[in-house]
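Asker: Next comes the structure file protein_38.txt, holding compact mmCIF, C-alpha atoms and all ligand atoms.
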```txt
# COMPACT_ATOMS: atom_id res chain seq x y z
CA MET A 1 -116.31 139.90 -61.29
CA LEU A 2 -118.48 139.37 -58.23
CA ARG A 3 -121.60 141.32 -57.45
CA PHE A 4 -123.95 142.15 -54.63
CA ALA A 5 -127.35 143.01 -56.13
CA PRO A 6 -129.69 144.41 -53.48
CA SER A 7 -133.15 145.79 -54.23
CA PRO A 8 -133.68 149.17 -52.56
CA THR A 9 -137.07 148.07 -51.30
CA GLY A 10 -136.55 147.67 -47.56
CA ASP A 11 -134.14 147.46 -44.65
CA MET A 12 -131.02 145.38 -45.18
CA HIS A 13 -131.70 141.87 -43.88
CA ILE A 14 -128.92 139.79 -42.31
CA GLY A 15 -129.42 137.31 -45.17
CA ASN A 16 -128.54 140.08 -47.68
CA LEU A 17 -125.58 141.13 -45.60
CA ARG A 18 -124.33 137.55 -45.49
CA VAL A 19 -124.55 137.42 -49.29
CA ALA A 20 -122.59 140.69 -49.53
CA ILE A 21 -119.89 139.42 -47.15
CA PHE A 22 -119.41 136.16 -49.05
CA ASN A 23 -119.25 137.94 -52.41
CA TYR A 24 -116.66 140.34 -51.00
CA ILE A 25 -114.54 137.52 -49.55
CA ILE A 26 -114.52 135.51 -52.78
CA ALA A 27 -113.69 138.63 -54.83
CA LYS A 28 -110.68 139.21 -52.56
CA GLN A 29 -109.63 135.57 -52.74
CA ARG A 30 -109.85 135.48 -56.53
CA ASN A 31 -108.49 138.95 -56.97
CA GLU A 32 -111.57 139.92 -58.96
CA ARG A 33 -113.59 143.10 -58.81
CA PHE A 34 -116.57 143.40 -56.46
CA ILE A 35 -119.45 145.58 -57.63
CA VAL A 36 -122.77 146.64 -56.15
CA ARG A 37 -125.75 146.59 -58.48
CA ILE A 38 -128.78 148.36 -57.09
CA GLU A 39 -131.73 146.50 -58.61
CA ASP A 40 -134.13 149.39 -58.86
CA THR A 41 -136.30 148.31 -61.77
CA ASP A 42 -139.41 147.72 -59.66
CA LYS A 43 -140.28 151.42 -59.32
CA GLU A 44 -143.38 150.78 -57.21
CA ARG A 45 -141.47 148.96 -54.51
CA ASN A 46 -138.36 151.16 -54.41
CA ILE A 47 -137.98 153.21 -51.24
CA GLU A 48 -136.25 156.56 -51.50
CA GLY A 49 -132.88 156.55 -49.73
CA LYS A 50 -132.59 152.78 -49.23
CA ASP A 51 -129.79 152.57 -51.81
CA ARG A 52 -127.65 155.00 -49.81
CA GLU A 53 -128.48 153.17 -46.60
CA ILE A 54 -127.31 149.87 -48.13
CA LEU A 55 -124.03 151.44 -49.29
CA GLU A 56 -123.47 152.97 -45.83
CA ILE A 57 -123.95 149.57 -44.22
CA LEU A 58 -121.43 148.01 -46.62
CA ASN A 59 -118.96 150.75 -45.68
CA LEU A 60 -119.49 150.16 -41.97
CA PHE A 61 -118.61 146.51 -42.49
CA GLY A 62 -115.52 147.38 -44.51
CA LEU A 63 -116.94 145.66 -47.61
CA LYS A 64 -115.18 147.86 -50.15
CA TYR A 65 -116.78 147.80 -53.56
CA ASP A 66 -115.13 148.84 -56.81
CA GLU A 67 -118.21 150.32 -58.45
CA VAL A 68 -121.92 150.96 -57.92
CA TYR A 69 -124.34 150.46 -60.81
CA TYR A 70 -128.05 151.16 -60.96
CA GLN A 71 -129.94 148.54 -62.93
CA SER A 72 -132.33 151.16 -64.31
CA HIS A 73 -129.41 152.74 -66.22
CA ASN A 74 -129.39 149.68 -68.46
CA LEU A 75 -133.09 150.01 -69.33
CA THR A 76 -132.57 150.71 -73.05
CA ILE A 77 -130.25 147.70 -73.36
CA HIS A 78 -132.88 145.54 -71.66
CA GLN A 79 -135.55 146.83 -74.06
CA HIS A 80 -133.39 146.32 -77.13
CA MET A 81 -132.58 142.78 -76.12
CA ALA A 82 -136.26 141.97 -75.60
CA ILE A 83 -137.03 143.23 -79.12
CA LYS A 84 -134.11 141.22 -80.49
CA MET A 85 -135.54 138.10 -78.84
CA LEU A 86 -138.90 138.87 -80.48
CA GLU A 87 -137.33 139.37 -83.90
CA GLU A 88 -135.39 136.13 -83.60
CA ARG A 89 -138.62 134.39 -82.57
CA LYS A 90 -137.14 133.27 -79.30
CA ALA A 91 -139.84 135.30 -77.62
CA PHE A 92 -143.42 136.19 -78.48
CA ALA A 93 -145.85 139.00 -77.80
CA CYS A 94 -148.53 138.05 -75.30
CA PHE A 95 -151.82 139.94 -75.40
CA CYS A 96 -153.49 138.02 -72.58
CA SER A 97 -155.03 140.49 -70.16
CA PRO A 98 -154.25 140.38 -66.44
CA GLU A 99 -157.83 139.15 -65.88
CA GLU A 100 -157.42 136.25 -68.31
CA LEU A 101 -154.13 135.25 -66.68
CA GLU A 102 -155.67 135.51 -63.23
CA ALA A 103 -158.48 133.18 -64.32
CA GLU A 104 -155.88 130.66 -65.60
CA ARG A 105 -154.07 130.92 -62.29
CA GLU A 106 -157.28 130.37 -60.33
CA ALA A 107 -158.18 127.33 -62.43
CA ALA A 108 -154.73 125.82 -61.77
CA LYS A 109 -155.17 126.45 -58.06
CA LYS A 110 -158.56 124.76 -58.05
CA ALA A 111 -157.19 121.76 -59.92
CA LYS A 112 -154.27 121.70 -57.45
CA ARG A 113 -151.62 121.91 -60.13
CA ALA A 114 -148.78 124.39 -60.45
CA TYR A 115 -149.66 127.33 -62.68
CA ARG A 116 -148.12 127.39 -66.15
CA TYR A 117 -148.87 129.86 -68.95
CA GLY A 118 -151.54 128.31 -71.19
CA GLY A 119 -149.65 129.14 -74.40
CA LYS A 120 -152.51 131.03 -76.10
CA CYS A 121 -150.33 133.73 -77.72
CA GLU A 122 -147.30 131.64 -78.61
CA PHE A 123 -148.53 130.67 -82.03
CA LEU A 124 -150.28 133.83 -83.22
CA SER A 125 -149.54 134.68 -86.84
CA ASP A 126 -147.52 137.79 -87.73
CA LYS A 127 -150.72 139.35 -89.03
CA GLU A 128 -152.57 138.68 -85.78
CA VAL A 129 -149.75 140.25 -83.83
CA LEU A 130 -149.38 143.31 -86.05
CA GLU A 131 -153.09 144.04 -86.15
CA ASN A 132 -153.57 143.74 -82.41
CA GLU A 133 -153.51 147.14 -80.72
CA LYS A 134 -153.86 145.89 -77.16
CA PRO A 135 -150.97 146.30 -74.73
CA PHE A 136 -148.72 143.27 -74.70
CA THR A 137 -145.98 141.69 -72.64
CA ILE A 138 -143.05 139.78 -74.11
CA ARG A 139 -142.67 136.16 -73.10
CA LEU A 140 -139.65 134.00 -73.71
CA LYS A 141 -140.36 130.59 -75.25
CA LYS A 142 -139.67 127.87 -72.77
CA PRO A 143 -136.61 125.67 -73.38
CA LYS A 144 -136.91 122.42 -75.31
CA LYS A 145 -134.86 120.41 -72.85
CA PRO A 146 -134.14 120.64 -69.12
CA VAL A 147 -131.76 123.33 -67.91
CA GLU A 148 -129.08 121.93 -65.64
CA PHE A 149 -126.42 123.53 -63.53
CA THR A 150 -124.16 122.57 -60.65
CA ASP A 151 -124.58 124.77 -57.63
CA ILE A 152 -121.52 125.03 -55.39
CA ILE A 153 -123.62 124.33 -52.30
CA LYS A 154 -126.64 122.42 -53.60
CA GLU A 155 -124.69 120.47 -56.24
CA LYS A 156 -126.39 119.21 -59.42
CA LEU A 157 -129.81 120.69 -60.16
CA SER A 158 -132.07 120.12 -63.13
CA PHE A 159 -135.23 122.02 -64.14
CA ALA A 160 -137.80 120.71 -66.60
CA PRO A 161 -138.94 123.02 -69.45
CA ASP A 162 -142.42 123.21 -67.93
CA ASP A 163 -141.00 124.44 -64.64
CA ILE A 164 -139.16 127.19 -66.47
CA ASP A 165 -142.32 128.00 -68.46
CA SER A 166 -142.80 130.70 -71.11
CA PHE A 167 -142.16 133.50 -68.67
CA VAL A 168 -142.52 137.26 -69.11
CA ILE A 169 -139.30 139.17 -69.79
CA MET A 170 -140.83 142.57 -70.56
CA ARG A 171 -143.96 143.97 -68.91
CA ALA A 172 -146.69 145.83 -70.77
CA ASP A 173 -145.19 149.12 -69.55
CA LYS A 174 -141.92 148.09 -71.30
CA THR A 175 -139.93 147.58 -68.14
CA PRO A 176 -137.93 144.37 -67.86
CA THR A 177 -138.81 141.73 -65.29
CA TYR A 178 -136.29 140.88 -62.58
CA ASN A 179 -135.07 137.69 -64.28
CA PHE A 180 -134.46 139.40 -67.60
CA ALA A 181 -132.68 142.46 -66.22
CA CYS A 182 -130.62 140.37 -63.81
CA SER A 183 -129.53 137.84 -66.42
CA LEU A 184 -128.53 140.52 -68.93
CA ASP A 185 -126.67 142.55 -66.33
CA ASP A 186 -124.71 139.54 -65.13
CA MET A 187 -123.60 139.19 -68.75
CA ILE A 188 -122.87 142.89 -69.21
CA HIS A 189 -120.84 142.99 -66.00
CA ASP A 190 -118.99 139.81 -66.87
CA ILE A 191 -119.97 138.11 -63.61
CA SER A 192 -118.08 134.89 -62.90
CA LEU A 193 -119.88 133.65 -59.80
CA VAL A 194 -123.32 134.54 -58.43
CA ILE A 195 -123.76 134.11 -54.70
CA ARG A 196 -127.30 134.77 -53.48
CA GLY A 197 -130.05 133.44 -51.24
CA GLU A 198 -131.70 130.12 -52.04
CA ASP A 199 -135.02 131.88 -52.59
CA HIS A 200 -133.57 132.64 -56.03
CA VAL A 201 -132.81 129.05 -56.96
CA SER A 202 -135.83 128.70 -59.25
CA ASN A 203 -134.85 131.93 -61.04
CA THR A 204 -131.46 130.57 -62.01
CA PRO A 205 -132.60 128.20 -64.83
CA LYS A 206 -134.62 131.08 -66.29
CA GLN A 207 -131.58 133.33 -66.24
CA ILE A 208 -129.41 130.62 -67.78
CA HIS A 209 -132.07 130.00 -70.45
CA ILE A 210 -132.04 133.72 -71.37
CA ARG A 211 -128.29 133.69 -71.80
CA ASN A 212 -128.37 130.41 -73.74
CA LEU A 213 -130.83 131.93 -76.20
CA LEU A 214 -128.54 134.90 -76.65
CA GLY A 215 -125.62 132.61 -77.36
CA TYR A 216 -123.63 133.72 -74.32
CA ASP A 217 -121.32 130.81 -73.71
CA LYS A 218 -119.32 131.88 -70.66
CA GLU A 219 -120.39 129.70 -67.79
CA ILE A 220 -121.44 131.56 -64.67
CA GLU A 221 -121.04 129.64 -61.42
CA TYR A 222 -123.80 129.72 -58.79
CA ALA A 223 -123.93 129.36 -55.04
CA HIS A 224 -127.35 129.60 -53.39
CA LEU A 225 -127.12 130.09 -49.64
CA PRO A 226 -129.50 128.23 -47.33
CA ILE A 227 -132.00 130.42 -45.53
CA ILE A 228 -131.58 131.62 -41.96
CA LEU A 229 -134.17 130.38 -39.47
CA ASN A 230 -135.38 132.29 -36.42
CA GLU A 231 -135.24 130.89 -32.89
CA ASN A 232 -138.52 129.04 -33.47
CA GLY A 233 -137.15 127.26 -36.52
CA LYS A 234 -139.20 129.35 -38.99
CA LYS A 235 -137.74 131.31 -41.90
CA MET A 236 -136.43 134.59 -40.54
CA SER A 237 -138.61 137.35 -41.90
CA LYS A 238 -139.01 141.09 -41.61
CA ARG A 239 -141.14 140.45 -38.56
CA ASP A 240 -138.12 139.07 -36.67
CA SER A 241 -136.46 142.26 -35.52
CA ALA A 242 -133.04 140.56 -35.28
CA SER A 243 -133.17 140.06 -39.04
CA SER A 244 -132.60 143.77 -39.63
CA VAL A 245 -129.01 144.99 -39.65
CA LYS A 246 -130.22 148.40 -38.47
CA TRP A 247 -131.91 146.80 -35.46
CA LEU A 248 -128.72 144.94 -34.56
CA PHE A 249 -126.83 148.25 -34.62
CA HIS A 250 -129.52 149.84 -32.50
CA GLU A 251 -129.14 147.00 -29.99
CA GLY A 252 -125.42 147.73 -29.75
CA PHE A 253 -123.87 144.96 -31.83
CA ILE A 254 -120.70 145.94 -33.66
CA PRO A 255 -119.97 145.17 -37.34
CA GLU A 256 -116.93 142.99 -36.55
CA ALA A 257 -119.07 140.66 -34.42
CA ILE A 258 -122.02 140.57 -36.81
CA ALA A 259 -119.71 139.71 -39.74
CA ASN A 260 -117.99 137.01 -37.66
CA TYR A 261 -121.36 135.57 -36.71
CA LEU A 262 -122.73 135.53 -40.27
CA ILE A 263 -119.61 133.78 -41.59
CA LEU A 264 -119.71 131.26 -38.75
CA LEU A 265 -123.40 130.43 -39.22
CA GLY A 266 -123.86 126.97 -40.75
CA ASN A 267 -120.19 126.82 -41.69
CA LYS A 268 -117.10 124.76 -40.84
CA THR A 269 -114.46 127.27 -39.80
CA PRO A 270 -110.98 126.76 -38.30
CA ASP A 271 -111.78 129.14 -35.41
CA GLU A 272 -114.85 130.52 -33.78
CA ILE A 273 -113.66 134.09 -33.34
CA PHE A 274 -112.08 135.78 -36.34
CA THR A 275 -111.97 138.95 -38.40
CA LEU A 276 -113.17 139.43 -41.94
CA GLU A 277 -109.55 139.67 -43.09
CA GLU A 278 -108.76 136.33 -41.45
CA ALA A 279 -111.78 134.70 -43.05
CA ILE A 280 -110.43 135.68 -46.49
CA SER A 281 -107.49 133.34 -45.91
CA TRP A 282 -109.59 130.20 -45.36
CA PHE A 283 -113.22 130.77 -46.38
CA ASP A 284 -114.63 128.16 -48.75
CA LEU A 285 -118.27 128.07 -49.91
CA LYS A 286 -118.01 124.28 -50.04
CA ASN A 287 -117.83 124.16 -46.24
CA LEU A 288 -121.28 125.70 -45.86
CA SER A 289 -123.99 123.37 -44.72
CA LYS A 290 -126.78 122.57 -47.17
CA ALA A 291 -129.29 122.81 -44.33
CA ALA A 292 -130.82 126.05 -43.10
CA ALA A 293 -128.98 127.63 -40.17
CA LYS A 294 -130.66 128.83 -37.00
CA PHE A 295 -130.02 132.35 -35.75
CA ASP A 296 -128.73 132.37 -32.18
CA ILE A 297 -128.59 135.79 -30.57
CA ASP A 298 -126.69 134.49 -27.53
CA LYS A 299 -123.87 133.38 -29.78
CA LEU A 300 -123.84 136.81 -31.36
CA ARG A 301 -123.74 138.41 -27.89
CA PHE A 302 -120.75 136.24 -26.99
CA LEU A 303 -118.94 137.23 -30.19
CA ASN A 304 -119.79 140.88 -29.63
CA ARG A 305 -118.08 140.79 -26.25
CA GLU A 306 -115.05 138.97 -27.66
CA HIS A 307 -114.66 141.50 -30.47
CA MET A 308 -114.95 144.42 -28.05
CA LYS A 309 -112.18 142.78 -26.01
CA MET A 310 -109.97 142.56 -29.12
CA MET A 311 -110.75 146.02 -30.41
CA ASP A 312 -108.23 148.81 -30.43
CA PRO A 313 -109.18 151.03 -27.43
CA LYS A 314 -109.42 154.11 -29.59
CA ASP A 315 -111.83 152.44 -32.02
CA LEU A 316 -113.84 151.06 -29.14
CA SER A 317 -114.01 154.50 -27.61
CA ARG A 318 -115.33 155.87 -30.90
CA ALA A 319 -117.98 153.15 -31.06
CA PHE A 320 -119.21 154.53 -27.72
CA GLY A 321 -119.22 158.12 -28.97
CA PHE A 322 -116.00 159.21 -27.23
CA ALA A 323 -112.59 160.03 -28.68
CA ASP A 324 -110.03 159.14 -26.03
CA ALA A 325 -108.49 155.63 -25.90
CA ALA A 326 -108.90 155.69 -22.08
CA ILE A 327 -112.66 155.35 -22.53
CA GLY A 328 -112.12 152.31 -24.74
CA ASN A 329 -110.05 150.75 -21.96
CA LEU A 330 -112.71 151.70 -19.45
CA VAL A 331 -115.32 149.92 -21.59
CA LYS A 332 -113.13 146.81 -21.55
CA CYS A 333 -113.34 146.80 -17.72
CA TYR A 334 -117.13 146.55 -18.08
CA LEU A 335 -117.26 143.61 -20.48
CA GLU A 336 -118.25 141.20 -17.72
CA GLU A 337 -121.30 143.36 -17.06
CA GLY A 338 -122.72 143.50 -20.57
CA SER A 339 -122.17 142.29 -24.11
CA THR A 340 -123.38 145.18 -26.25
CA ILE A 341 -122.83 148.92 -26.57
CA LYS A 342 -126.43 149.42 -25.50
CA GLU A 343 -125.88 147.52 -22.25
CA ILE A 344 -122.53 149.07 -21.35
CA LYS A 345 -123.01 152.66 -22.49
CA PRO A 346 -125.31 153.68 -19.59
CA LYS A 347 -122.63 152.50 -17.16
CA ILE A 348 -120.00 154.70 -18.83
CA GLU A 349 -122.40 157.61 -19.01
CA ALA A 350 -123.20 157.25 -15.31
CA ILE A 351 -119.51 157.85 -14.55
CA PHE A 352 -119.61 161.22 -16.29
CA SER A 353 -123.06 162.30 -15.09
CA ALA A 354 -124.16 164.10 -11.92
CA LYS A 355 -123.93 161.63 -9.02
CA PRO A 356 -126.86 160.49 -6.89
CA PHE A 357 -126.11 162.12 -3.55
CA ASP A 358 -129.54 161.39 -2.05
CA THR A 359 -128.51 157.99 -0.71
CA GLU A 360 -127.67 156.69 2.73
CA TRP A 361 -124.07 157.65 1.91
CA GLU A 362 -124.75 161.30 1.21
CA LYS A 363 -122.65 162.59 4.08
CA GLU A 364 -119.66 160.39 3.24
CA MET A 365 -119.91 161.18 -0.46
CA LYS A 366 -119.70 164.89 0.30
CA ILE A 367 -116.71 164.39 2.58
CA LEU A 368 -114.91 162.33 -0.08
CA GLN A 369 -115.80 164.83 -2.77
CA GLU A 370 -114.28 167.68 -0.76
CA ALA A 371 -111.16 165.64 0.03
CA MET A 372 -110.68 164.74 -3.62
CA LYS A 373 -111.00 168.30 -4.81
CA SER A 374 -107.83 169.21 -2.97
CA ALA A 375 -106.03 165.86 -3.45
CA PRO A 376 -102.96 165.60 -5.67
CA LEU A 377 -103.33 163.51 -8.82
CA PHE A 378 -102.26 160.00 -7.82
CA ASP A 379 -101.03 157.52 -10.37
CA SER A 380 -102.29 154.43 -8.57
CA PHE A 381 -105.59 153.77 -6.89
CA ASP A 382 -103.76 152.42 -3.86
CA ASP A 383 -102.07 155.75 -3.22
CA LEU A 384 -105.33 157.65 -3.65
CA LYS A 385 -107.09 155.26 -1.32
CA LYS A 386 -104.45 155.67 1.42
CA TYR A 387 -104.53 159.43 1.06
CA LEU A 388 -108.32 159.65 1.24
CA MET A 389 -108.66 157.27 4.16
CA LYS A 390 -106.15 159.26 6.12
CA LYS A 391 -107.68 162.58 5.22
CA THR A 392 -111.35 161.61 5.87
CA GLY A 393 -111.01 158.98 8.58
CA LEU A 394 -113.52 156.81 6.66
CA LYS A 395 -112.89 153.10 6.23
CA GLY A 396 -114.45 149.78 5.22
CA LYS A 397 -117.81 150.03 3.52
CA ASN A 398 -118.25 153.59 4.81
CA PHE A 399 -115.35 154.41 2.55
CA PHE A 400 -115.78 152.11 -0.44
CA LYS A 401 -119.54 152.39 -1.01
CA PRO A 402 -119.63 156.22 -1.18
CA LEU A 403 -116.38 156.32 -3.15
CA ARG A 404 -117.81 153.95 -5.76
CA LEU A 405 -120.99 156.02 -5.97
CA LEU A 406 -118.96 159.18 -6.37
CA LEU A 407 -116.75 157.72 -9.09
CA THR A 408 -119.17 155.54 -11.00
CA GLY A 409 -122.67 156.63 -10.05
CA THR A 410 -123.70 153.08 -9.08
CA GLN A 411 -123.33 150.75 -6.11
CA HIS A 412 -121.90 147.80 -8.01
CA GLY A 413 -119.40 147.27 -10.74
CA PRO A 414 -115.80 146.35 -11.55
CA GLU A 415 -113.03 146.85 -8.97
CA LEU A 416 -112.25 150.53 -8.54
CA SER A 417 -108.55 149.72 -8.81
CA TYR A 418 -109.18 148.42 -12.36
CA LEU A 419 -111.16 151.48 -13.34
CA TYR A 420 -108.98 154.14 -11.75
CA PRO A 421 -106.13 154.19 -14.33
CA TYR A 422 -108.68 155.20 -16.98
CA LEU A 423 -110.63 157.57 -14.78
CA LYS A 424 -107.79 159.51 -13.26
CA SER A 425 -107.32 162.07 -16.00
CA TYR A 426 -111.04 162.94 -15.78
CA ILE A 427 -111.30 162.87 -12.01
CA MET A 428 -112.31 166.51 -11.49
CA GLU A 429 -115.02 166.20 -14.12
CA ILE A 430 -116.24 162.94 -12.57
CA ILE A 431 -116.61 164.12 -8.97
CA LYS A 432 -117.99 167.57 -9.69
N1 LIG A 501 -132.21 141.89 -56.07
C1 LIG A 501 -132.26 140.55 -55.60
C2 LIG A 501 -132.61 140.52 -54.13
O1 LIG A 501 -132.40 141.51 -53.45
C3 LIG A 501 -130.95 139.86 -55.72
C4 LIG A 501 -130.87 139.03 -56.88
C5 LIG A 501 -129.54 138.40 -57.19
O2 LIG A 501 -128.62 138.43 -56.38
O3 LIG A 501 -129.46 137.94 -58.28
O4 LIG A 501 -133.07 139.52 -53.67
```
Give the structure from the file, written as C-alpha cells.
Answerer:
Amino acid sequence: MLRFAPSPTGDMHIGNLRVAIFNYIIAKQRNERFIVRIEDTDKERNIEGKDREILEILNLFGLKYDEVYYQSHNLTIHQHMAIKMLEERKAFACFCSPEELEAEREAAKKAKRAYRYGGKCEFLSDKEVLENEKPFTIRLKKPKKPVEFTDIIKEKLSFAPDDIDSFVIMRADKTPTYNFACSLDDMIHDISLVIRGEDHVSNTPKQIHIRNLLGYDKEIEYAHLPIILNENGKKMSKRDSASSVKWLFHEGFIPEAIANYLILLGNKTPDEIFTLEEAISWFDLKNLSKAAAKFDIDKLRFLNREHMKMMDPKDLSRAFGFADAAIGNLVKCYLEEGSTIKEIKPKIEAIFSAKPFDTEWEKEMKILQEAMKSAPLFDSFDDLKKYLMKKTGLKGKNFFKPLRLLLTGTQHGPELSYLYPYLKSYIMEIIK
C-alpha cells in the first residue's frame, strides 16, 4: 500500500503534489492500493477545510485514491501503544518542564552543539514516577546501535543513536507526536514504500526505531525526494507564490501540464511532453536526481501550451468555462498568443463581448455589421469575404481592420480565416 500523508495546515505546495503524484504512479505500477492519510493530529495548526481542498486538488489531477483516513481516528491506538512502550520499559515518563528543556536547549546553543535530551528522567525509580503528580511526556529510549536504511534516491544512510535521541512520542496532553503517529499508521496501513520530501529524512530513523521496538519486522522502503528550489536557487517556500498549486491554477496552468512538469523536474524521462498515464509505463524513482531541482516557470508555460494543443477540444472548452467544442478549437488558434488560460481567456471573451465601435473604423464597422446581419451563413471565410466586399465596396485594410474588430474585438490576432470555422455558428451573437 502507498500513501500520501498531507497535513491540513496550509495550501498544497507543489512539493506535496509531486509526492502525491509519485505515490500514485508507483501504486499503479505495483498494482497496490493508494490511500490518503490526513495527518490532523496537530490541532493547533490544522486549518478548517484544508483537508477537502487537498482532496479536491487530487481529484483535479486524476490522482484516484482508494481510501481517505484521518490520523486522529487512530488516537486511542496511538495512546495504547505509548503505554505499552512504557510498560515494556522501552519508553519512560519525562517530567521535565518546558522551561527546564528550554534552558537545556539554550545551553546547547551557547556551547554550539546540537541539542540532545539530557537524560534526567530516564532512570527514575518506579516509586519516583508513581509519586510524581506533575504532567509528563513519554519519551522513547534511544537505540543502542545506529539505525540504517537504504533510501531509493539517497542510497545508504546511517544515523547514530545520539542523533535519534530519546525523543518524545506522547505529549503531556496525551496526543502523539508526528513521528509516533506516522510510524504506527504506516504499520497499521501496511505501507510498503514511503515517498516523501527530504525534509523528513531525519524522521525516518526515529520511525524505524519505533517499529523495531514494537517487533514489526516488515521492511518499509523509503524514497526521500530532493527539495525544489526557486528561481534564485533558494528552497521554494510559501513566500514563492509559484509554490502554491492554487496560485498556479489562478494563473491559468492546467493540471495536465503541472503534473508533466513535476514529473519531469530533476528526472531522466524518455520524452519531455507526456501524460500521467504515459508516465506510469516508464517512471522509475531511481532516475531522479539526488540534487535539488530548480523550478522554471518558463518550462511550465511551454508545457501548458503543449498540453492545451493536445487537449480534446471539448475539455479545453470546459477549462475556459464554455461547453461547446468549437470554443476549444478557437482557443487552439490563440496558442501562439499566450500560454495560459489567464492569458488567452480575455481574447476569447473579447470575441463575445460588445465591440469597441469608437475607433477610426467606426463607420466601416457599422457598414459591415449591417451587411452581415442580412448575409447568408457561409461555410468558408473566403465566401463570406467575397460576399461582404461586394456588398459594402470596402477593401484592403478598410475592410480587414474593421472586420477583425467586429469579429474579435481587437486589432491584432490570428488569421480570420483560421478563426472563422469556429466563429460561424455564433456569428449573430458576435456582431450584435
Ligand atoms: N504530514 C507530513 C507532511 O505533510 C507528511 C509526512 C509523511 O509523508 O510521512 O509533511
Asker: Ligand LIG 501 (chain A): which residues are within 6 Å, counting only C-alpha atoms and all ligand atoms, as an MDAnalysis selection string?
Answerer: chainID A and resid 5:7 39 196
Asker: Near region 45-51 of chain A, counting all atoms listed in the file, which residues have an atom at most 8 Å away, once you skip same-chain residues fewer than 6 positions from it, shown as a PyMOL selection string?
Answerer: chain A and resi 7-11+38
Asker: As an exercise, work out the distance from CA of Pro135 (chain A) to CA of Ala107 (chain A) in Å and give it to one decimal place.
Answerer: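 Distance reported for this atom pair: 23.7 Å.
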Asker: I'd like the neighbourhood of Leu58 (chain A) as an MDAnalysis selection string, where a residue qualifies if any of its atoms comes within 10 Å (using only C-alpha atoms), though same-chain residues fewer than 4 positions away should be ignored.
Answerer: chainID A and resid 17 20:21 36 52:54 62:65 255
Asker: Need the shell around Ser183 (chain A): protein/DNA/RNA residues with any atom at most 9 Å away, counting all atoms listed in the file. Skip same-chain ones fewer than 2 positions apart. Format as an mmCIF file with C-alpha atoms, keeping the file's coordinate frame?
Answerer:
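Dumped to selection_22.cif:
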```
data_model
loop_
_atom_site.group_PDB
_atom_site.id
_atom_site.type_symbol
_atom_site.label_atom_id
_atom_site.label_comp_id
_atom_site.auth_asym_id
_atom_site.auth_seq_id
_atom_site.Cartn_x
_atom_site.Cartn_y
_atom_site.Cartn_z
ATOM 1 C CA TYR A 178 -136.290 140.880 -62.580
ATOM 2 C CA ASN A 179 -135.070 137.690 -64.280
ATOM 3 C CA PHE A 180 -134.460 139.400 -67.600
ATOM 4 C CA ALA A 181 -132.680 142.460 -66.220
ATOM 5 C CA ASP A 185 -126.670 142.550 -66.330
ATOM 6 C CA ASP A 186 -124.710 139.540 -65.130
ATOM 7 C CA MET A 187 -123.600 139.190 -68.750
ATOM 8 C CA ILE A 188 -122.870 142.890 -69.210
ATOM 9 C CA THR A 204 -131.460 130.570 -62.010
ATOM 10 C CA LYS A 206 -134.620 131.080 -66.290
ATOM 11 C CA GLN A 207 -131.580 133.330 -66.240
ATOM 12 C CA ILE A 208 -129.410 130.620 -67.780
ATOM 13 C CA ILE A 210 -132.040 133.720 -71.370
ATOM 14 C CA ARG A 211 -128.290 133.690 -71.800
#
```
Asker: If you count only C-alpha atoms, which residues fall within 9 Å of Asp163 (chain A), apart from same-chain ones fewer than 2 positions away, as a list of chain:residue names?
Answerer: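 Those residues are A:Ala114, A:Arg116, A:Lys142, A:Phe159, A:Ala160, A:Pro161, A:Asp165, A:Ser202.
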Asker: Calculate how many Å separate CA of Asn203 (chain A) from CA of Lys145 (chain A), rounding to one decimal.
Answerer: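 Straight-line distance from CA of Asn203 (chain A) to CA of Lys145 (chain A) works out to 16.5 Å.
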Asker: Figure out the distance between CA of Ile227 (chain A) and CA of Arg37 (chain A), please, to one decimal in Å.
Answerer: 21.6 Å
